[in-house]
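Enquirer: Quick one: the structure is below, questions incoming.
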Amino acid sequence: MNGGFRFCGTDISALGLEYVPDMKDTYVYAGTQAQVSQEVFEGHDGGYYYGITKQPKEFTLRCIFQDKEITKGTIARIDGFFRRGRTGRLIFDTMRWLWYTATVISVDVSQLTNRKNGFITITMRAYYPFARHDYLWIAEDNMFDTYILENSGLLTKEQTPITAFENMTGHHEILLYNPGSERADVAIQLAGDAGEGVLITNKTTEQKCRMMAFNKAKTSEAGKTIICDSLNGKVVLTNGNEAERAFQYHDYGFLSLEPAFPILRSVGVKTEAGSKTAKIMTEEVTDNLIGKYVYIDDCWIKIVNITASNEIVLYEAALTTAAVNTNIVTMNEITIDVGAGGELTSLEFQYKPTFA
């Protein structure tokens, strides 16, 4: 039996609790209130918009216990488990594949109906206001979970672009995919020789990150890597167990990934070998498809235009003549430029699918 949510790896049913939220608190996955950064001047029409940030996310978790004598440790165990300030993973049964990092703010035990029954309301706050998923693709045991298909852009492992590379020099163009509904912060882990500098650009978000001044003696030959983490704004040199600050290798910029959700799943597409045009058979062809990617011939191909006859125009010609059911998604277009004299022995982009 499950109680409705888990905290720090423990289902609340083990504490004799069952989650019974008020109707207004039932949908816990709604986005938080946004704070607009702007500036308005006297004597000037309008104003300037700088951006939007999300506030910490608060959870009001009303629970019920029944036929539990409060003087025999029931309240004491609950109060001890949900110790104020305790922080851990919060997972709801409705979508077990998502988790928040939440902190206990308060525990209200004032709604007791008698000595053996009552309500307990636990208030938690996620200071990083987004949910995350541990995998970049759909795990095999979740392949037919409709909640995942309907609430995320997660794809199969075969369709998800790789995130780790080796022995890179010169210029490279790759794709990265965030199947979430919010931007995902990226940690760039790299080793080797920077040469004249390494510039990594996300053309989709127009963000750039430049690393410099590291060499193989400091990194790969020493069994260490540099991690430039946009989530916490830190740069460290680490051997996997110990880390030291390494801001001297960071010139400027951090990267995040644009979300893909919602995506178009199971779209009927008809291709002809050698042709750059393809027919969409199950969806309306609109300008919104331009710039997205469609999975054809076991690879992602960019949609660059639509024709007057409502066909899509592909960046590359199809290799086969076929009618397939496939997906159309938003990809992040990444360029990697390793300066003269440089070689990246390893490069990995680490991130988690991120949701409201």
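Labels used: A, B, ... for chains in the order of the structure tokens, numbers from 1 for residues in each chain, and numbers from 1 for ligands as shown.
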What's around Arg183 in chain A at 9 Å? Count only C-alpha atoms, leave out sequence neighbours fewer than 6 positions away in its own chain, and write the answer as a list in words.
Expert: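 That gives Ser256, Leu257, Glu258, Pro259, Pro353, Thr354 and Phe355 of chain A.
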Enquirer: What would the file look like if the residues just selected were written as a PDB file, in the first residue's frame with N, CA and C atoms?
Expert:
```
ATOM      1  N   SER A 256      22.313  26.282 -20.983  1.00  0.00           N
ATOM      2  CA  SER A 256      21.111  25.540 -20.615  1.00  0.00           C
ATOM      3  C   SER A 256      20.466  25.052 -21.908  1.00  0.00           C
ATOM      4  N   LEU A 257      19.516  24.131 -21.776  1.00  0.00           N
ATOM      5  CA  LEU A 257      18.885  23.529 -22.951  1.00  0.00           C
ATOM      6  C   LEU A 257      17.411  23.883 -23.006  1.00  0.00           C
ATOM      7  N   GLU A 258      16.970  24.331 -24.169  1.00  0.00           N
ATOM      8  CA  GLU A 258      15.559  24.643 -24.387  1.00  0.00           C
ATOM      9  C   GLU A 258      14.738  23.356 -24.264  1.00  0.00           C
ATOM     10  N   PRO A 259      13.564  23.417 -23.614  1.00  0.00           N
ATOM     11  CA  PRO A 259      12.741  22.210 -23.479  1.00  0.00           C
ATOM     12  C   PRO A 259      12.065  21.821 -24.794  1.00  0.00           C
ATOM     13  N   PRO A 353      16.421  16.005 -17.457  1.00  0.00           N
ATOM     14  CA  PRO A 353      15.170  16.554 -17.981  1.00  0.00           C
ATOM     15  C   PRO A 353      14.446  17.326 -16.864  1.00  0.00           C
ATOM     16  N   THR A 354      14.005  18.530 -17.177  1.00  0.00           N
ATOM     17  CA  THR A 354      13.507  19.458 -16.162  1.00  0.00           C
ATOM     18  C   THR A 354      12.061  19.843 -16.478  1.00  0.00           C
ATOM     19  N   PHE A 355      11.218  19.827 -15.406  1.00  0.00           N
ATOM     20  CA  PHE A 355       9.781  20.039 -15.565  1.00  0.00           C
ATOM     21  C   PHE A 355       9.272  21.051 -14.560  1.00  0.00           C
TER      22      PHE A 355
END
```
Enquirer: Please measure the separation of CA of Met212 in chain A and CA of His172 in chain A, giving the value in Å to one decimal.
Expert: 17.6 Å
Enquirer: Using only C-alpha atoms, which protein or nucleic acid residues come within 9 Å of Gly223 in chain A? Drop anything in the same chain fewer than 2 positions from it, and give the result as a PyMOL selection string.
Expert: chain A and resi 218-221+225+238-240
Enquirer: From a DSSP calculation on the backbone, collect every residue of range 9-174 of chain A in helix (DSSP H, G or I) and output the set as a ChimeraX atom specification.
Expert: /A:12-15,23-25,70-72,74-81,93-95,140-142,146-151
Enquirer: Extract, using only C-alpha atoms, all DNA, RNA and protein residues at most 6 Å from Lys270 in chain A, discarding same-chain residues fewer than 2 positions from it, and format them as a PyMOL selection string.
Expert: chain A and resi 278-279+322-323
Enquirer: From a DSSP calculation on the backbone, collect every residue of range 55-230 of chain A in strand (DSSP E or B) and output the set as a count of residues only.
Expert: 77
Enquirer: Skip Ser106 in chain A itself and residues of its chain fewer than 5 positions away, then list as a VMD selection string all residues within 10 Å of it, counting only C-alpha atoms.
Expert: chain A and resid 60 79 82 to 85 121 to 125
Enquirer: May I have the residues within 12 Å of range 333-342 of chain A as number ranges by chain, using only C-alpha atoms and disregarding those fewer than 3 positions away in the same chain?
Expert: A: 161, 163, 165, 167-178, 188, 190-216, 255-258, 291-293, 300-302, 330, 345, 347-349
Enquirer: Per residue of range 72-135 of chain A within 8 Å of range 11-30 of chain A, record the nearest atom pair and its distance in Å to one decimal, counting only C-alpha atoms, with rows in chain order and ascending residue number, as JSON lines.
Expert:
```
{"residue": "A:Thr74", "atom": "CA", "partner": "A:Leu15", "partner_atom": "CA", "distance": 7.8}
{"residue": "A:Arg77", "atom": "CA", "partner": "A:Leu15", "partner_atom": "CA", "distance": 7.3}
{"residue": "A:Ile78", "atom": "CA", "partner": "A:Leu15", "partner_atom": "CA", "distance": 6.5}
```
Enquirer: For those residues, write all heavy atoms to a file as a PDB file, in the first residue's frame.
Expert:
```pdb
ATOM      1  N   THR A  74       2.777   7.962  17.807  1.00  0.00           N
ATOM      2  CA  THR A  74       2.349   8.272  16.434  1.00  0.00           C
ATOM      3  C   THR A  74       2.786   9.671  16.019  1.00  0.00           C
ATOM      4  O   THR A  74       3.467   9.844  14.998  1.00  0.00           O
ATOM      5  CB  THR A  74       0.819   8.144  16.311  1.00  0.00           C
ATOM      6  OG1 THR A  74       0.434   6.794  16.595  1.00  0.00           O
ATOM      7  CG2 THR A  74       0.369   8.520  14.909  1.00  0.00           C
ATOM      8  N   ARG A  77       6.735  10.160  16.092  1.00  0.00           N
ATOM      9  CA  ARG A  77       7.462   9.595  14.956  1.00  0.00           C
ATOM     10  C   ARG A  77       7.305  10.466  13.714  1.00  0.00           C
ATOM     11  O   ARG A  77       8.269  10.700  12.969  1.00  0.00           O
ATOM     12  CB  ARG A  77       6.976   8.172  14.677  1.00  0.00           C
ATOM     13  CG  ARG A  77       7.494   7.132  15.661  1.00  0.00           C
ATOM     14  CD  ARG A  77       7.207   5.725  15.149  1.00  0.00           C
ATOM     15  NE  ARG A  77       5.768   5.480  15.023  1.00  0.00           N
ATOM     16  CZ  ARG A  77       5.003   5.004  16.001  1.00  0.00           C
ATOM     17  NH1 ARG A  77       5.559   4.734  17.190  1.00  0.00           N
ATOM     18  NH2 ARG A  77       3.720   4.791  15.820  1.00  0.00           N
ATOM     19  N   ILE A  78       6.080  10.941  13.474  1.00  0.00           N
ATOM     20  CA  ILE A  78       5.829  11.783  12.309  1.00  0.00           C
ATOM     21  C   ILE A  78       6.591  13.091  12.431  1.00  0.00           C
ATOM     22  O   ILE A  78       7.243  13.551  11.479  1.00  0.00           O
ATOM     23  CB  ILE A  78       4.313  12.037  12.162  1.00  0.00           C
ATOM     24  CG1 ILE A  78       3.590  10.729  11.831  1.00  0.00           C
ATOM     25  CG2 ILE A  78       4.039  13.092  11.090  1.00  0.00           C
ATOM     26  CD1 ILE A  78       2.085  10.823  11.919  1.00  0.00           C
TER      27      ILE A  78
END
```
Enquirer: Can you list, as number ranges by chain, every protein, DNA or RNA residue that comes within 12 Å of Met95 in chain A when you count only C-alpha atoms, leaving out same-chain residues fewer than 2 positions away?
Expert: A: 4-6, 27-29, 90-93, 97-100, 131-133, 142, 145-152, 355
Enquirer: Residues of the last selection are to be written out with N, CA and C atoms, as a short mmCIF file (atom, residue, chain, number, x, y, z; two decimals), in the first residue's frame.
Expert:
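So the final result, stored in selection.cif, reads:
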```
data_model
loop_
_atom_site.label_atom_id
_atom_site.label_comp_id
_atom_site.auth_asym_id
_atom_site.auth_seq_id
_atom_site.Cartn_x
_atom_site.Cartn_y
_atom_site.Cartn_z
N GLY A 4 0.74 7.92 -0.95
CA GLY A 4 0.49 9.08 -1.80
C GLY A 4 1.75 9.82 -2.20
N PHE A 5 2.77 9.82 -1.33
CA PHE A 5 4.06 10.40 -1.71
C PHE A 5 5.16 9.80 -0.85
N ARG A 6 6.39 9.97 -1.33
CA ARG A 6 7.57 9.50 -0.63
C ARG A 6 8.47 10.70 -0.36
N TYR A 27 -3.27 19.22 -7.78
CA TYR A 27 -2.32 19.18 -8.89
C TYR A 27 -1.02 19.85 -8.45
N VAL A 28 -0.06 19.02 -8.07
CA VAL A 28 1.18 19.54 -7.49
C VAL A 28 2.21 19.95 -8.55
N TYR A 29 1.91 19.70 -9.82
CA TYR A 29 2.89 19.93 -10.87
C TYR A 29 2.71 21.28 -11.57
N LEU A 90 11.33 14.50 -2.92
CA LEU A 90 9.89 14.40 -2.74
C LEU A 90 9.30 13.84 -4.04
N ILE A 91 8.64 12.67 -3.93
CA ILE A 91 8.10 11.98 -5.10
C ILE A 91 6.64 11.65 -4.85
N PHE A 92 5.78 12.04 -5.78
CA PHE A 92 4.35 11.76 -5.67
C PHE A 92 4.00 10.51 -6.47
N ASP A 93 3.04 9.73 -5.93
CA ASP A 93 2.66 8.47 -6.58
C ASP A 93 2.08 8.68 -7.97
N TRP A 97 8.10 9.03 -11.68
CA TRP A 97 9.33 9.25 -12.43
C TRP A 97 9.87 10.68 -12.26
N LEU A 98 9.11 11.54 -11.57
CA LEU A 98 9.54 12.91 -11.31
C LEU A 98 9.89 13.08 -9.84
N TRP A 99 10.85 13.94 -9.53
CA TRP A 99 11.19 14.23 -8.15
C TRP A 99 11.59 15.69 -7.98
N TYR A 100 11.29 16.20 -6.79
CA TYR A 100 11.70 17.54 -6.38
C TYR A 100 12.69 17.41 -5.23
N ALA A 131 10.79 20.14 -11.13
CA ALA A 131 10.95 18.69 -10.98
C ALA A 131 11.95 18.19 -12.00
N ARG A 132 12.58 17.06 -11.67
CA ARG A 132 13.55 16.48 -12.60
C ARG A 132 13.35 14.97 -12.72
N HIS A 133 13.95 14.43 -13.77
CA HIS A 133 13.90 12.99 -14.05
C HIS A 133 15.33 12.50 -14.17
N ASN A 142 9.43 1.33 -18.38
CA ASN A 142 8.40 2.36 -18.41
C ASN A 142 7.93 2.66 -19.83
N ASP A 145 4.20 3.51 -20.12
CA ASP A 145 3.62 4.36 -19.10
C ASP A 145 3.02 5.58 -19.79
N THR A 146 1.68 5.64 -19.85
CA THR A 146 1.02 6.73 -20.57
C THR A 146 1.27 8.07 -19.91
N TYR A 147 1.49 8.10 -18.58
CA TYR A 147 1.77 9.36 -17.91
C TYR A 147 3.06 9.97 -18.45
N ILE A 148 4.06 9.14 -18.71
CA ILE A 148 5.32 9.64 -19.25
C ILE A 148 5.12 10.16 -20.66
N LEU A 149 4.41 9.42 -21.49
CA LEU A 149 4.20 9.83 -22.88
C LEU A 149 3.38 11.11 -22.97
N GLU A 150 2.41 11.28 -22.08
CA GLU A 150 1.51 12.42 -22.16
C GLU A 150 2.06 13.67 -21.48
N ASN A 151 3.03 13.52 -20.58
CA ASN A 151 3.49 14.65 -19.79
C ASN A 151 4.97 14.98 -19.99
N SER A 152 5.60 14.37 -20.96
CA SER A 152 7.00 14.65 -21.21
C SER A 152 7.31 14.44 -22.69
N PHE A 355 11.22 19.83 -15.41
CA PHE A 355 9.78 20.04 -15.56
C PHE A 355 9.27 21.05 -14.56
#
```
Enquirer: Between CA of Ser346 in chain A and CA of Val329 in chain A, what is the spacing in Å?
Expert: 27.7 Å
Enquirer: With only C-alpha atoms as the basis for distance, which of A:Leu319, A:Ala246, A:Cys8, A:Val104 is at the shortest distance from Tyr127 in chain A?
Expert: A:Val104
Enquirer: Please compute the CA of Glu244 in chain A-CA of Cys228 in chain A distance, one decimal, in Å.
Expert: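 According to the coordinates, CA of Glu244 in chain A and CA of Cys228 in chain A are separated by 12.2 Å.
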